[in-house]
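Shown below: coords_37.txt, with compact mmCIF, C-alpha atoms and all ligand atoms.
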# COMPACT_ATOMS: atom_id res chain seq x y z
CA MET U 1 -25.31 -19.08 20.14
CA LYS U 2 -22.46 -19.24 17.62
CA PRO U 3 -19.21 -17.59 18.69
CA VAL U 4 -17.92 -14.63 16.69
CA CYS U 5 -14.30 -14.01 15.71
CA VAL U 6 -13.31 -10.44 14.93
CA LEU U 7 -10.41 -9.57 12.64
CA GLY U 8 -8.58 -6.90 14.62
CA ASN U 9 -8.35 -6.39 18.38
CA GLY U 10 -8.64 -2.65 18.90
CA GLN U 11 -11.36 -0.84 20.82
CA LEU U 12 -14.09 -1.74 18.33
CA GLY U 13 -13.39 -5.46 18.83
CA ARG U 14 -13.36 -4.88 22.57
CA MET U 15 -16.77 -3.16 22.47
CA LEU U 16 -18.21 -5.91 20.23
CA ARG U 17 -17.06 -8.40 22.88
CA GLN U 18 -18.69 -6.32 25.63
CA ALA U 19 -21.94 -6.14 23.66
CA GLY U 20 -22.00 -9.89 23.11
CA GLU U 21 -21.62 -10.74 26.78
CA PRO U 22 -25.20 -10.14 28.05
CA LEU U 23 -26.63 -12.06 25.10
CA GLY U 24 -24.37 -15.05 25.71
CA ILE U 25 -22.44 -14.41 22.49
CA ALA U 26 -18.74 -15.14 22.91
CA VAL U 27 -16.72 -12.68 20.83
CA TYR U 28 -13.00 -13.25 20.14
CA PRO U 29 -11.09 -10.23 18.83
CA VAL U 30 -8.06 -11.52 16.92
CA GLY U 31 -4.94 -9.38 16.70
CA LEU U 32 -1.24 -10.00 16.19
CA ASN U 33 -0.77 -11.96 19.40
CA ALA U 34 -3.84 -14.23 19.28
CA GLU U 35 -3.20 -17.90 20.12
CA PRO U 36 -4.96 -20.04 17.46
CA GLU U 37 -5.75 -22.74 20.08
CA ALA U 38 -7.70 -20.20 22.16
CA VAL U 39 -9.95 -19.15 19.27
CA PRO U 40 -12.79 -21.47 18.16
CA TYR U 41 -12.55 -20.16 14.61
CA ARG U 42 -13.76 -23.29 12.81
CA SER U 43 -17.24 -23.07 14.33
CA SER U 44 -17.44 -19.24 14.42
CA VAL U 45 -18.98 -16.52 12.35
CA ILE U 46 -16.21 -14.12 11.28
CA THR U 47 -16.40 -10.33 11.14
CA ALA U 48 -13.88 -7.46 11.14
CA GLU U 49 -13.44 -4.26 13.12
CA ILE U 50 -10.98 -2.72 10.64
CA GLU U 51 -10.59 -2.75 6.88
CA ARG U 52 -6.97 -3.93 7.01
CA TRP U 53 -6.01 -6.41 9.69
CA PRO U 54 -2.53 -7.64 10.71
CA GLU U 55 -1.29 -10.61 8.67
CA THR U 56 -0.75 -13.82 10.64
CA ALA U 57 -1.48 -17.49 9.91
CA LEU U 58 -4.67 -17.17 11.98
CA THR U 59 -5.94 -13.93 10.41
CA ARG U 60 -5.30 -15.44 6.95
CA GLU U 61 -7.43 -18.41 7.99
CA LEU U 62 -10.22 -16.09 9.17
CA ALA U 63 -10.01 -13.85 6.09
CA HIS U 64 -10.67 -16.85 3.83
CA HIS U 65 -13.21 -18.50 6.11
CA ARG U 66 -16.47 -19.43 4.39
CA ASP U 67 -18.41 -17.86 7.28
CA PHE U 68 -16.60 -14.51 7.06
CA VAL U 69 -19.62 -12.25 6.60
CA ASN U 70 -19.09 -9.68 3.79
CA ARG U 71 -15.74 -11.33 2.96
CA ASP U 72 -15.78 -10.23 -0.66
CA ILE U 73 -17.01 -6.70 0.13
CA PHE U 74 -14.04 -5.72 2.31
CA PRO U 75 -11.51 -5.43 -0.54
CA GLN U 76 -13.91 -3.17 -2.42
CA LEU U 77 -14.49 -0.75 0.46
CA ALA U 78 -11.02 -0.89 2.06
CA ASP U 79 -9.50 0.81 -1.00
CA ARG U 80 -10.74 4.33 -1.73
CA LEU U 81 -10.44 3.77 -5.50
CA PRO U 82 -13.05 0.99 -5.88
CA GLN U 83 -15.11 2.64 -3.10
CA LYS U 84 -15.34 5.90 -5.05
CA GLN U 85 -16.00 3.98 -8.28
CA LEU U 86 -18.86 2.17 -6.54
CA LEU U 87 -20.46 5.47 -5.47
CA ASP U 88 -20.16 6.80 -9.03
CA THR U 89 -21.65 3.60 -10.47
CA LEU U 90 -24.62 3.87 -8.12
CA GLY U 91 -25.06 7.55 -9.01
CA LEU U 92 -24.59 8.64 -5.38
CA ALA U 93 -23.18 12.11 -4.74
CA THR U 94 -19.62 12.16 -3.45
CA ALA U 95 -16.78 14.71 -3.43
CA PRO U 96 -15.43 14.94 -7.01
CA TRP U 97 -12.25 12.87 -7.23
CA ARG U 98 -9.47 11.55 -9.49
CA LEU U 99 -6.84 8.84 -9.23
CA LEU U 100 -3.44 10.47 -8.57
CA SER U 101 -0.93 8.59 -10.71
CA ASP U 102 1.62 11.18 -11.70
CA ALA U 103 2.93 14.59 -10.60
CA SER U 104 2.33 15.96 -14.09
CA GLN U 105 -1.43 15.85 -13.37
CA TRP U 106 -1.35 18.78 -10.94
CA PRO U 107 -2.12 21.70 -13.28
CA GLN U 108 -5.09 19.80 -14.69
CA LEU U 109 -6.28 18.74 -11.20
CA PHE U 110 -6.30 22.34 -9.96
CA ALA U 111 -8.11 23.37 -13.15
CA GLU U 112 -10.78 20.68 -12.75
CA LEU U 113 -11.19 20.42 -8.98
CA GLY U 114 -10.27 23.91 -7.82
CA ASP U 115 -7.58 25.32 -5.56
CA PHE U 116 -8.23 23.24 -2.47
CA ILE U 117 -7.52 19.56 -2.92
CA ILE U 118 -7.27 16.74 -0.43
CA VAL U 119 -4.89 13.89 -1.20
CA LYS U 120 -5.90 10.63 0.48
CA ARG U 121 -4.08 7.33 0.63
CA ARG U 122 -6.15 4.64 -1.02
CA THR U 123 -5.61 2.20 1.85
CA GLY U 124 -4.58 2.21 5.46
CA GLY U 125 -5.38 5.85 6.37
CA TYR U 126 -7.43 6.62 9.46
CA ASP U 127 -8.11 9.55 11.81
CA GLY U 128 -6.87 11.92 9.11
CA ARG U 129 -3.53 10.09 8.76
CA GLY U 130 -2.43 9.46 5.19
CA GLN U 131 -3.99 12.74 4.01
CA TRP U 132 -2.56 16.00 2.72
CA ARG U 133 -4.40 19.28 2.21
CA ILE U 134 -2.98 20.90 -0.91
CA ARG U 135 -3.22 24.41 -2.34
CA PRO U 136 -1.32 25.41 -5.49
CA GLY U 137 2.41 25.24 -4.71
CA ASP U 138 2.05 22.72 -1.84
CA GLU U 139 2.08 19.78 -4.26
CA ALA U 140 5.89 19.98 -4.58
CA GLU U 141 6.17 18.92 -0.94
CA LEU U 142 4.31 15.63 -1.40
CA PRO U 143 6.47 12.51 -0.99
CA PRO U 144 7.12 11.01 -4.46
CA GLU U 145 6.09 7.49 -3.41
CA ILE U 146 2.42 8.46 -3.01
CA TYR U 147 1.79 8.59 -6.77
CA GLY U 148 -0.38 5.61 -7.71
CA GLU U 149 -1.25 5.04 -4.04
CA CYS U 150 -3.64 7.96 -3.59
CA ILE U 151 -6.78 9.58 -4.85
CA VAL U 152 -7.41 13.33 -4.77
CA GLU U 153 -10.70 14.95 -3.83
CA GLN U 154 -12.10 18.40 -4.24
CA GLY U 155 -12.05 20.20 -0.87
CA ILE U 156 -15.72 20.59 0.04
CA PRO U 157 -16.85 23.77 1.83
CA PHE U 158 -19.42 21.89 3.89
CA SER U 159 -21.71 23.44 6.49
CA GLY U 160 -21.48 20.31 8.66
CA GLU U 161 -20.71 16.63 8.80
CA VAL U 162 -23.14 13.82 9.63
CA SER U 163 -22.98 10.07 9.56
CA LEU U 164 -25.64 7.43 9.19
CA ILE U 165 -25.23 4.08 10.86
CA GLY U 166 -27.45 1.32 9.58
CA ALA U 167 -27.67 -2.45 9.63
CA ARG U 168 -28.97 -4.98 7.13
CA ASN U 169 -29.67 -8.67 7.68
CA ALA U 170 -29.58 -11.68 5.35
CA LYS U 171 -33.29 -11.24 4.55
CA GLY U 172 -32.50 -7.79 3.18
CA GLU U 173 -34.22 -5.90 6.03
CA SER U 174 -32.51 -2.68 7.15
CA VAL U 175 -32.74 -0.41 10.19
CA PHE U 176 -31.07 2.94 10.85
CA TYR U 177 -30.19 5.19 13.76
CA THR U 178 -30.92 8.88 13.50
CA LEU U 179 -28.19 10.94 11.85
CA THR U 180 -25.18 11.72 14.01
CA HIS U 181 -23.66 15.21 13.78
CA ASN U 182 -19.87 15.03 13.86
CA LEU U 183 -17.14 17.54 14.59
CA HIS U 184 -13.72 16.63 13.18
CA GLN U 185 -10.57 18.59 13.95
CA GLU U 186 -7.40 17.92 11.95
CA GLY U 187 -9.10 14.90 10.38
CA ILE U 188 -9.97 13.21 13.68
CA LEU U 189 -13.44 12.87 15.20
CA ARG U 190 -13.63 14.88 18.42
CA THR U 191 -17.34 15.07 19.27
CA SER U 192 -20.67 13.64 18.09
CA VAL U 193 -24.23 14.70 18.84
CA ALA U 194 -27.31 12.61 18.04
CA LEU U 195 -30.87 13.85 18.42
CA PRO U 196 -33.99 11.64 18.46
CA ASN U 197 -35.84 13.76 15.90
CA THR U 198 -33.28 14.81 13.43
CA ASP U 199 -33.99 16.78 10.22
CA ASN U 200 -36.40 14.48 8.44
CA ARG U 201 -35.44 15.28 4.87
CA LEU U 202 -31.71 14.71 5.39
CA GLN U 203 -32.51 11.53 7.31
CA GLN U 204 -34.59 10.24 4.38
CA GLN U 205 -31.90 11.20 1.89
CA ALA U 206 -29.22 9.43 3.93
CA GLU U 207 -31.30 6.28 4.44
CA THR U 208 -32.01 6.05 0.72
CA MET U 209 -28.29 6.37 -0.07
CA LEU U 210 -27.12 3.82 2.46
CA SER U 211 -29.92 1.37 1.52
CA THR U 212 -28.87 1.61 -2.11
CA ILE U 213 -25.30 0.74 -1.16
CA MET U 214 -26.11 -2.08 1.26
CA ASN U 215 -28.66 -3.65 -1.10
CA HIS U 216 -26.35 -3.43 -4.09
CA LEU U 217 -23.56 -5.16 -2.14
CA ASN U 218 -25.93 -7.62 -0.45
CA TYR U 219 -24.23 -6.44 2.73
CA ILE U 220 -24.93 -7.95 6.16
CA GLY U 221 -24.23 -6.17 9.46
CA VAL U 222 -23.60 -2.57 10.49
CA MET U 223 -22.29 -0.07 7.93
CA ALA U 224 -21.43 3.58 8.49
CA MET U 225 -21.73 6.31 5.89
CA GLU U 226 -19.96 9.63 6.55
CA CYS U 227 -21.40 12.65 4.73
CA PHE U 228 -20.82 16.34 4.18
CA ILE U 229 -23.84 18.66 4.31
CA VAL U 230 -23.75 21.04 1.36
CA GLY U 231 -26.80 23.27 1.09
CA ASP U 232 -29.80 20.95 1.44
CA ASN U 233 -27.95 17.91 0.25
CA LEU U 234 -25.58 15.21 1.37
CA LEU U 235 -22.31 14.29 -0.32
CA ILE U 236 -20.88 10.94 0.75
CA ASN U 237 -17.40 11.29 2.21
CA GLU U 238 -16.65 7.65 2.88
CA LEU U 239 -18.09 4.29 3.87
CA ALA U 240 -17.00 1.95 6.64
CA PRO U 241 -18.11 -1.71 6.50
CA ARG U 242 -18.14 -1.99 10.29
CA VAL U 243 -19.16 -0.40 13.56
CA HIS U 244 -17.99 3.20 13.66
CA ASN U 245 -16.69 5.79 16.12
CA SER U 246 -19.60 8.12 15.35
CA GLY U 247 -22.00 5.40 16.56
CA HIS U 248 -20.51 5.07 20.03
CA TRP U 249 -23.31 7.15 21.55
CA THR U 250 -25.70 4.22 20.86
CA GLN U 251 -24.10 2.35 23.78
CA ASN U 252 -25.97 4.64 26.17
CA GLY U 253 -28.51 6.47 24.02
CA ALA U 254 -30.30 3.67 22.16
CA SER U 255 -32.18 0.51 23.09
CA ILE U 256 -29.77 -1.54 20.97
CA SER U 257 -26.18 -0.36 20.54
CA GLN U 258 -24.45 -0.47 17.16
CA PHE U 259 -22.22 -3.25 18.53
CA GLU U 260 -25.16 -5.43 19.55
CA LEU U 261 -26.97 -4.60 16.31
CA HIS U 262 -23.97 -5.78 14.28
CA LEU U 263 -23.77 -9.06 16.23
CA ARG U 264 -27.50 -9.60 15.80
CA ALA U 265 -27.36 -8.96 12.05
CA ILE U 266 -24.40 -11.26 11.36
CA LEU U 267 -25.85 -14.03 13.56
CA ASP U 268 -29.26 -13.76 11.90
CA LEU U 269 -31.00 -12.69 15.13
CA PRO U 270 -33.89 -10.17 15.04
CA ILE U 271 -32.94 -6.56 14.26
CA PRO U 272 -35.91 -4.38 15.29
CA GLN U 273 -35.63 -0.62 14.81
CA PRO U 274 -33.53 0.60 17.79
CA GLU U 275 -35.35 3.09 20.02
CA ILE U 276 -33.49 6.39 20.50
CA PHE U 277 -34.27 7.53 24.03
CA ALA U 278 -32.90 11.03 24.15
CA PRO U 279 -30.28 13.44 22.82
CA SER U 280 -26.76 12.06 23.22
CA VAL U 281 -23.26 13.48 23.13
CA MET U 282 -20.06 11.50 22.62
CA ILE U 283 -16.65 12.98 23.37
CA ASN U 284 -13.59 11.16 22.11
CA LEU U 285 -10.71 11.00 24.58
CA ILE U 286 -7.64 11.63 22.44
CA GLY U 287 -4.16 11.44 23.95
CA THR U 288 -5.56 12.28 27.40
CA GLU U 289 -4.84 10.39 30.63
CA ILE U 290 -7.84 8.99 32.50
CA ASN U 291 -9.28 11.40 35.08
CA LEU U 292 -11.38 9.72 37.76
CA ALA U 293 -13.06 13.05 38.51
CA TRP U 294 -15.14 12.48 35.35
CA LEU U 295 -16.93 9.78 37.34
CA SER U 296 -18.23 12.37 39.79
CA LEU U 297 -20.66 13.54 37.09
CA SER U 298 -23.78 11.41 37.06
CA LEU U 299 -24.50 11.64 33.31
CA VAL U 300 -20.97 10.79 32.21
CA CYS U 301 -20.50 7.21 30.99
CA LEU U 302 -16.80 6.48 30.65
CA HIS U 303 -15.62 3.94 28.11
CA TRP U 304 -11.87 3.48 28.59
CA TYR U 305 -9.95 1.30 26.14
CA GLU U 306 -6.97 0.44 28.38
CA LYS U 307 -4.50 1.47 25.68
CA GLU U 308 -1.24 3.31 26.20
CA VAL U 309 -1.84 7.06 25.97
CA HIS U 310 -0.03 8.73 23.05
CA PRO U 311 -0.67 12.14 21.50
CA GLY U 312 -3.39 11.90 18.85
CA ARG U 313 -4.43 8.39 19.91
CA LYS U 314 -8.05 7.54 20.72
CA VAL U 315 -7.92 6.06 24.22
CA GLY U 316 -11.55 6.20 25.30
CA HIS U 317 -14.79 8.13 25.01
CA LEU U 318 -17.43 9.71 27.20
CA ASN U 319 -21.14 9.29 26.45
CA LEU U 320 -23.80 11.57 27.96
CA THR U 321 -27.53 11.17 27.40
CA HIS U 322 -30.52 12.95 28.88
CA ALA U 323 -34.06 13.63 27.67
CA ASP U 324 -33.83 17.23 28.91
CA LYS U 325 -31.38 19.14 26.70
CA SER U 326 -30.81 21.86 29.30
CA ILE U 327 -29.73 19.26 31.88
CA LEU U 328 -27.42 17.70 29.29
CA LYS U 329 -25.92 21.09 28.46
CA ALA U 330 -25.35 21.91 32.12
CA GLU U 331 -23.53 18.60 32.57
CA LEU U 332 -21.32 19.40 29.55
CA GLN U 333 -20.54 22.71 31.21
CA ARG U 334 -19.42 20.94 34.38
CA LEU U 335 -17.41 18.45 32.32
CA ALA U 336 -15.63 21.31 30.55
CA SER U 337 -13.71 22.16 33.72
CA LEU U 338 -12.46 18.55 33.90
CA LEU U 339 -11.10 18.40 30.35
CA PRO U 340 -7.99 20.04 28.80
CA ALA U 341 -8.08 23.10 26.55
CA GLU U 342 -8.28 21.18 23.26
CA TYR U 343 -11.72 19.81 24.25
CA GLN U 344 -13.36 23.18 24.87
CA SER U 345 -14.34 24.05 21.30
CA GLY U 346 -15.87 20.58 20.84
CA LEU U 347 -17.91 20.96 24.03
CA GLU U 348 -19.15 24.37 22.89
CA TRP U 349 -20.06 22.94 19.49
CA ALA U 350 -22.04 20.14 21.18
CA GLN U 351 -23.89 22.58 23.43
CA ASP U 352 -24.74 24.63 20.38
CA LYS U 353 -26.11 21.56 18.56
CA LEU U 354 -28.41 20.96 21.53
CA ASN U 355 -29.99 24.42 21.18
P1 LIG S 1 -11.73 8.08 9.64
O1 LIG S 1 -11.02 8.25 10.93
O2 LIG S 1 -13.15 8.45 9.66
O3 LIG S 1 -11.47 6.75 9.00
P2 LIG S 1 -10.14 9.13 7.58
O4 LIG S 1 -8.80 9.43 8.06
O5 LIG S 1 -10.36 7.89 6.82
O6 LIG S 1 -11.13 9.23 8.74
P3 LIG S 1 -11.77 11.00 6.01
O7 LIG S 1 -13.04 10.64 6.67
O8 LIG S 1 -11.68 10.82 4.56
O9 LIG S 1 -10.49 10.30 6.65
O10 LIG S 1 -11.40 12.51 6.36
C1 LIG S 1 -11.31 12.95 7.70
C2 LIG S 1 -11.95 14.33 7.80
O11 LIG S 1 -11.26 15.26 6.94
C3 LIG S 1 -13.38 14.37 7.34
O12 LIG S 1 -14.27 13.96 8.33
C4 LIG S 1 -13.51 15.89 7.02
O13 LIG S 1 -13.62 16.65 8.19
C5 LIG S 1 -12.17 16.17 6.37
N1 LIG S 1 -12.28 15.94 4.91
C6 LIG S 1 -12.08 14.76 4.27
N2 LIG S 1 -12.31 14.87 2.95
C7 LIG S 1 -12.67 16.14 2.72
C8 LIG S 1 -13.05 16.88 1.55
N3 LIG S 1 -13.08 16.33 0.34
N4 LIG S 1 -13.37 18.20 1.72
C9 LIG S 1 -13.33 18.79 2.94
N5 LIG S 1 -12.99 18.14 4.06
C10 LIG S 1 -12.66 16.83 3.98
MG MG S 2 -13.74 9.43 8.02
Is it possible to give me this structure as structure tokens?
Ligand code: ATP
Ligand code: MG
Amino acid sequence: MKPVCVLGNGQLGRMLRQAGEPLGIAVYPVGLNAEPEAVPYRSSVITAEIERWPETALTRELAHHRDFVNRDIFPQLADRLPQKQLLDTLGLATAPWRLLSDASQWPQLFAELGDFIIVKRRTGGYDGRGQWRIRPGDEAELPPEIYGECIVEQGIPFSGEVSLIGARNAKGESVFYTLTHNLHQEGILRTSVALPNTDNRLQQQAETMLSTIMNHLNYIGVMAMECFIVGDNLLINELAPRVHNSGHWTQNGASISQFELHLRAILDLPIPQPEIFAPSVMINLIGTEINLAWLSLSLVCLHWYEKEVHPGRKVGHLNLTHADKSILKAELQRLASLLPAEYQSGLEWAQDKLN
């Protein structure tokens, strides 16, 4: 089996490495401190866990490698401007947007997009960083250097957020997980819930959208599409050309995890439709120290990233899966007493989704 080098060495690279292990696929996440001699990059297939990786001699080598899968797609999706242009070109619904080049645009932007506008950095933002929520008057507070570096979007009064994770192989075959329901707070994903039989119409709509994108780009591997639910329809929020936080539940709730599925797709191994066993809940651990008491709950699967704990930093996640929703809900109830106050609303939201 060919080795795989991953641009980036955060938790997604770590979980790709873990997923490769049972299949005998050696995965080498490459970050700032990677030793070129320790990485068999010449004979590897190259992938990425982030849209913008640290610049070193080795990452430059990987980024230009002829076996870097989707090499020419990354620049297009890593910048919100060409990403939004792509969605418009394909006629796929997305939050109405404009390029923000100059402060003089504001009166017109409020007139065209309404009184709630989200400013987003074109590149480098994540977990809600590099974003500003603007109502008339707030625009004066924006740092002047953002002009030219950002897009603005209409604030969407959505009823919920979902994401679709799919994979496509070199033959053009695609498979999808069921839609994941996501709760974000202050721009950061807190909790996800995935159900085996999700709303069929939304599922179809989402699969058609993501297929259109992956086929147009001739994309290979796992891609995530984040959406807002507005009425009976989906608006695409953003695309990620990689494994995604909202797909972490597949590690314990699906026959093939998103990490394994990505490795299979880029290595041209079979990608059958993953089986979804049961309802699943994923809780992101954000700025919270590890608590070994979580392990006393039999349904809790702890994934700890071994990173330094800082406020607002994703340091791990908990997956829970059970075919019986009432058992799953009872376990969430027990877990609630082992998590700090800021987790409680997410746990209640998840229990509600299981009703
Ligand atoms: P990620 O961590 O997924 O990369 P991000 O920082 O790139 O996130 P977005 O996904 O664009 O940012 O936004 C984060 C969250 O902010 C969204 O999931 C949603 O809850 C909210 N949000 C973003 N854009 C809009 C919008 N146009 N209208 C309303 N809410 C929005
Ligand atoms: Mg997002």
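In this comparison, which uses all atoms listed in the file, the residue of U:Val27, U:Val193, U:Ile236, U:Val39 approaching ligand MG 2 (chain S) most closely is U:Ile236.
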Nearest to Pro82 (chain U) by atom-to-atom distance, counting all atoms listed in the file, from U:Leu100, U:Ile151, U:Val222, U:Leu297: U:Ile151
Minimum-distance residue to ligand MG 2 (chain S), chosen among U:Tyr126, U:Phe158, U:Trp97, U:Phe277 (using only C-alpha atoms and all ligand atoms):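 For ligand MG 2 (chain S), the nearest of the given residues is U:Tyr126.
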Within 6 Å of ligand LIG 1 (chain S), which residues of chain U come that close, and what is the closest atom pair and distance in Å for each? Count only C-alpha atoms and all ligand atoms and give it as a Markdown table.
| residue | atom | partner | partner_atom | distance |
| --- | --- | --- | --- | --- |
| U:Ala95 | CA | S:LIG1 | N3 | 5.5 |
| U:Ile118 | CA | S:LIG1 | N3 | 5.9 |
| U:Gly125 | CA | S:LIG1 | O4 | 5.2 |
| U:Tyr126 | CA | S:LIG1 | O4 | 3.4 |
| U:Asp127 | CA | S:LIG1 | O1 | 3.3 |
| U:Gly128 | CA | S:LIG1 | O4 | 3.3 |
| U:Arg129 | CA | S:LIG1 | O4 | 5.4 |
| U:Glu153 | CA | S:LIG1 | N3 | 5.0 |
| U:Gln154 | CA | S:LIG1 | N3 | 5.1 |
| U:Gly155 | CA | S:LIG1 | N4 | 3.5 |
| U:Ile156 | CA | S:LIG1 | N4 | 3.7 |
| U:His184 | CA | S:LIG1 | O13 | 5.0 |
| U:Gly187 | CA | S:LIG1 | C2 | 3.9 |
| U:Ile188 | CA | S:LIG1 | O1 | 5.8 |
Test item: residues at most 10 Å from Arg334 (chain U), all atoms listed in the file, excluding those fewer than 4 positions along its chain, as a ChimeraX atom specification: /U:294,297,329-330,338-339
Nearest candidate to Asn245 (chain U) (options U:Thr208, U:Ser296, U:Asn319, U:Asn218; using all atoms listed in the file):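 Closest residue, counting all atoms listed in the file: U:Asn319.
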Close residues to ligand MG 2 (chain S) using only C-alpha atoms and all ligand atoms, limit 12 Å, as a PyMOL selection string: chain U and resi 80+120+124-131+161-163+182-190+224-228+236-240+244-246
Atoms to include: C-alpha atoms. Write the selected residues as a PDB file, keeping the file's coordinate frame.
ATOM      1  CA  ARG U  80     -10.740   4.330  -1.730  1.00  0.00           C
ATOM      2  CA  LYS U 120      -5.900  10.630   0.480  1.00  0.00           C
ATOM      3  CA  GLY U 124      -4.580   2.210   5.460  1.00  0.00           C
ATOM      4  CA  GLY U 125      -5.380   5.850   6.370  1.00  0.00           C
ATOM      5  CA  TYR U 126      -7.430   6.620   9.460  1.00  0.00           C
ATOM      6  CA  ASP U 127      -8.110   9.550  11.810  1.00  0.00           C
ATOM      7  CA  GLY U 128      -6.870  11.920   9.110  1.00  0.00           C
ATOM      8  CA  ARG U 129      -3.530  10.090   8.760  1.00  0.00           C
ATOM      9  CA  GLY U 130      -2.430   9.460   5.190  1.00  0.00           C
ATOM     10  CA  GLN U 131      -3.990  12.740   4.010  1.00  0.00           C
ATOM     11  CA  GLU U 161     -20.710  16.630   8.800  1.00  0.00           C
ATOM     12  CA  VAL U 162     -23.140  13.820   9.630  1.00  0.00           C
ATOM     13  CA  SER U 163     -22.980  10.070   9.560  1.00  0.00           C
ATOM     14  CA  ASN U 182     -19.870  15.030  13.860  1.00  0.00           C
ATOM     15  CA  LEU U 183     -17.140  17.540  14.590  1.00  0.00           C
ATOM     16  CA  HIS U 184     -13.720  16.630  13.180  1.00  0.00           C
ATOM     17  CA  GLN U 185     -10.570  18.590  13.950  1.00  0.00           C
ATOM     18  CA  GLU U 186      -7.400  17.920  11.950  1.00  0.00           C
ATOM     19  CA  GLY U 187      -9.100  14.900  10.380  1.00  0.00           C
ATOM     20  CA  ILE U 188      -9.970  13.210  13.680  1.00  0.00           C
ATOM     21  CA  LEU U 189     -13.440  12.870  15.200  1.00  0.00           C
ATOM     22  CA  ARG U 190     -13.630  14.880  18.420  1.00  0.00           C
ATOM     23  CA  ALA U 224     -21.430   3.580   8.490  1.00  0.00           C
ATOM     24  CA  MET U 225     -21.730   6.310   5.890  1.00  0.00           C
ATOM     25  CA  GLU U 226     -19.960   9.630   6.550  1.00  0.00           C
ATOM     26  CA  CYS U 227     -21.400  12.650   4.730  1.00  0.00           C
ATOM     27  CA  PHE U 228     -20.820  16.340   4.180  1.00  0.00           C
ATOM     28  CA  ILE U 236     -20.880  10.940   0.750  1.00  0.00           C
ATOM     29  CA  ASN U 237     -17.400  11.290   2.210  1.00  0.00           C
ATOM     30  CA  GLU U 238     -16.650   7.650   2.880  1.00  0.00           C
ATOM     31  CA  LEU U 239     -18.090   4.290   3.870  1.00  0.00           C
ATOM     32  CA  ALA U 240     -17.000   1.950   6.640  1.00  0.00           C
ATOM     33  CA  HIS U 244     -17.990   3.200  13.660  1.00  0.00           C
ATOM     34  CA  ASN U 245     -16.690   5.790  16.120  1.00  0.00           C
ATOM     35  CA  SER U 246     -19.600   8.120  15.350  1.00  0.00           C
TER      36      SER U 246
END
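Pairwise distance (CA of Tyr147 (chain U), CA of Arg133 (chain U)) equals 15.3 Å.
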As a short mmCIF file (atom, residue, chain, number, x, y, z; two decimals) with C-alpha atoms, in the coordinates of the input, please: the residues near Ser298 (chain U) (cut-off 12 Å, only C-alpha atoms, same-chain neighbours under 4 positions excluded).
data_model
loop_
_atom_site.label_atom_id
_atom_site.label_comp_id
_atom_site.auth_asym_id
_atom_site.auth_seq_id
_atom_site.Cartn_x
_atom_site.Cartn_y
_atom_site.Cartn_z
CA ALA U 293 -13.06 13.05 38.51
CA TRP U 294 -15.14 12.48 35.35
CA LEU U 302 -16.80 6.48 30.65
CA LEU U 318 -17.43 9.71 27.20
CA ASN U 319 -21.14 9.29 26.45
CA LEU U 320 -23.80 11.57 27.96
CA THR U 321 -27.53 11.17 27.40
CA HIS U 322 -30.52 12.95 28.88
CA ILE U 327 -29.73 19.26 31.88
CA LEU U 328 -27.42 17.70 29.29
CA ALA U 330 -25.35 21.91 32.12
CA GLU U 331 -23.53 18.60 32.57
CA LEU U 332 -21.32 19.40 29.55
CA ARG U 334 -19.42 20.94 34.38
CA LEU U 335 -17.41 18.45 32.32
#
Point-to-point distance from CA of Ser345 (chain U) to CA of Glu289 (chain U), Å rounded to tenths: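 These two atoms are separated by 19.1 Å.
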Best match for closeness to Gly166 (chain U) among U:Asp199, U:Glu37, U:Glu139, U:Glu207, counting only C-alpha atoms: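 Of all the options, U:Glu207 lies closest to Gly166 (chain U).
Interatomic distance, CA of Glu112 (chain U) to CA of Val152 (chain U): 11.4 Å.
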Within 12 Å of Leu16 (chain U) using all atoms listed in the file, minus same-chain residues under 3 positions, as a VMD selection string: chain U and resid 3 to 13 19 to 23 25 to 29 47 to 49 222 242 to 244 248 251 257 to 264
Near-Pro36 (chain U) list (10 Å; all atoms listed in the file; drop same-chain fewer than 2 positions) as an NGL selection string: :U and (30 or 33-34 or 38-41 or 57-59 or 61)
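When only C-alpha atoms are used to compute distances to Ala78 (chain U), the closest of the residues U:Trp106, U:Pro157, U:His181, U:Pro241 turns out to be U:Pro241.
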Select all residues near (-13.5, 8.8, 22.0) (cut-off 6 Å, inclusive, file coordinates), counting only C-alpha atoms, and output them as an mmCIF file with C-alpha atoms, keeping the file's coordinate frame.
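Done, and the output landed in part-v7.cif:
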data_model
loop_
_atom_site.group_PDB
_atom_site.id
_atom_site.type_symbol
_atom_site.label_atom_id
_atom_site.label_comp_id
_atom_site.auth_asym_id
_atom_site.auth_seq_id
_atom_site.Cartn_x
_atom_site.Cartn_y
_atom_site.Cartn_z
ATOM 1 C CA ILE U 283 -16.650 12.980 23.370
ATOM 2 C CA ASN U 284 -13.590 11.160 22.110
ATOM 3 C CA LEU U 285 -10.710 11.000 24.580
ATOM 4 C CA LYS U 314 -8.050 7.540 20.720
ATOM 5 C CA GLY U 316 -11.550 6.200 25.300
ATOM 6 C CA HIS U 317 -14.790 8.130 25.010
#
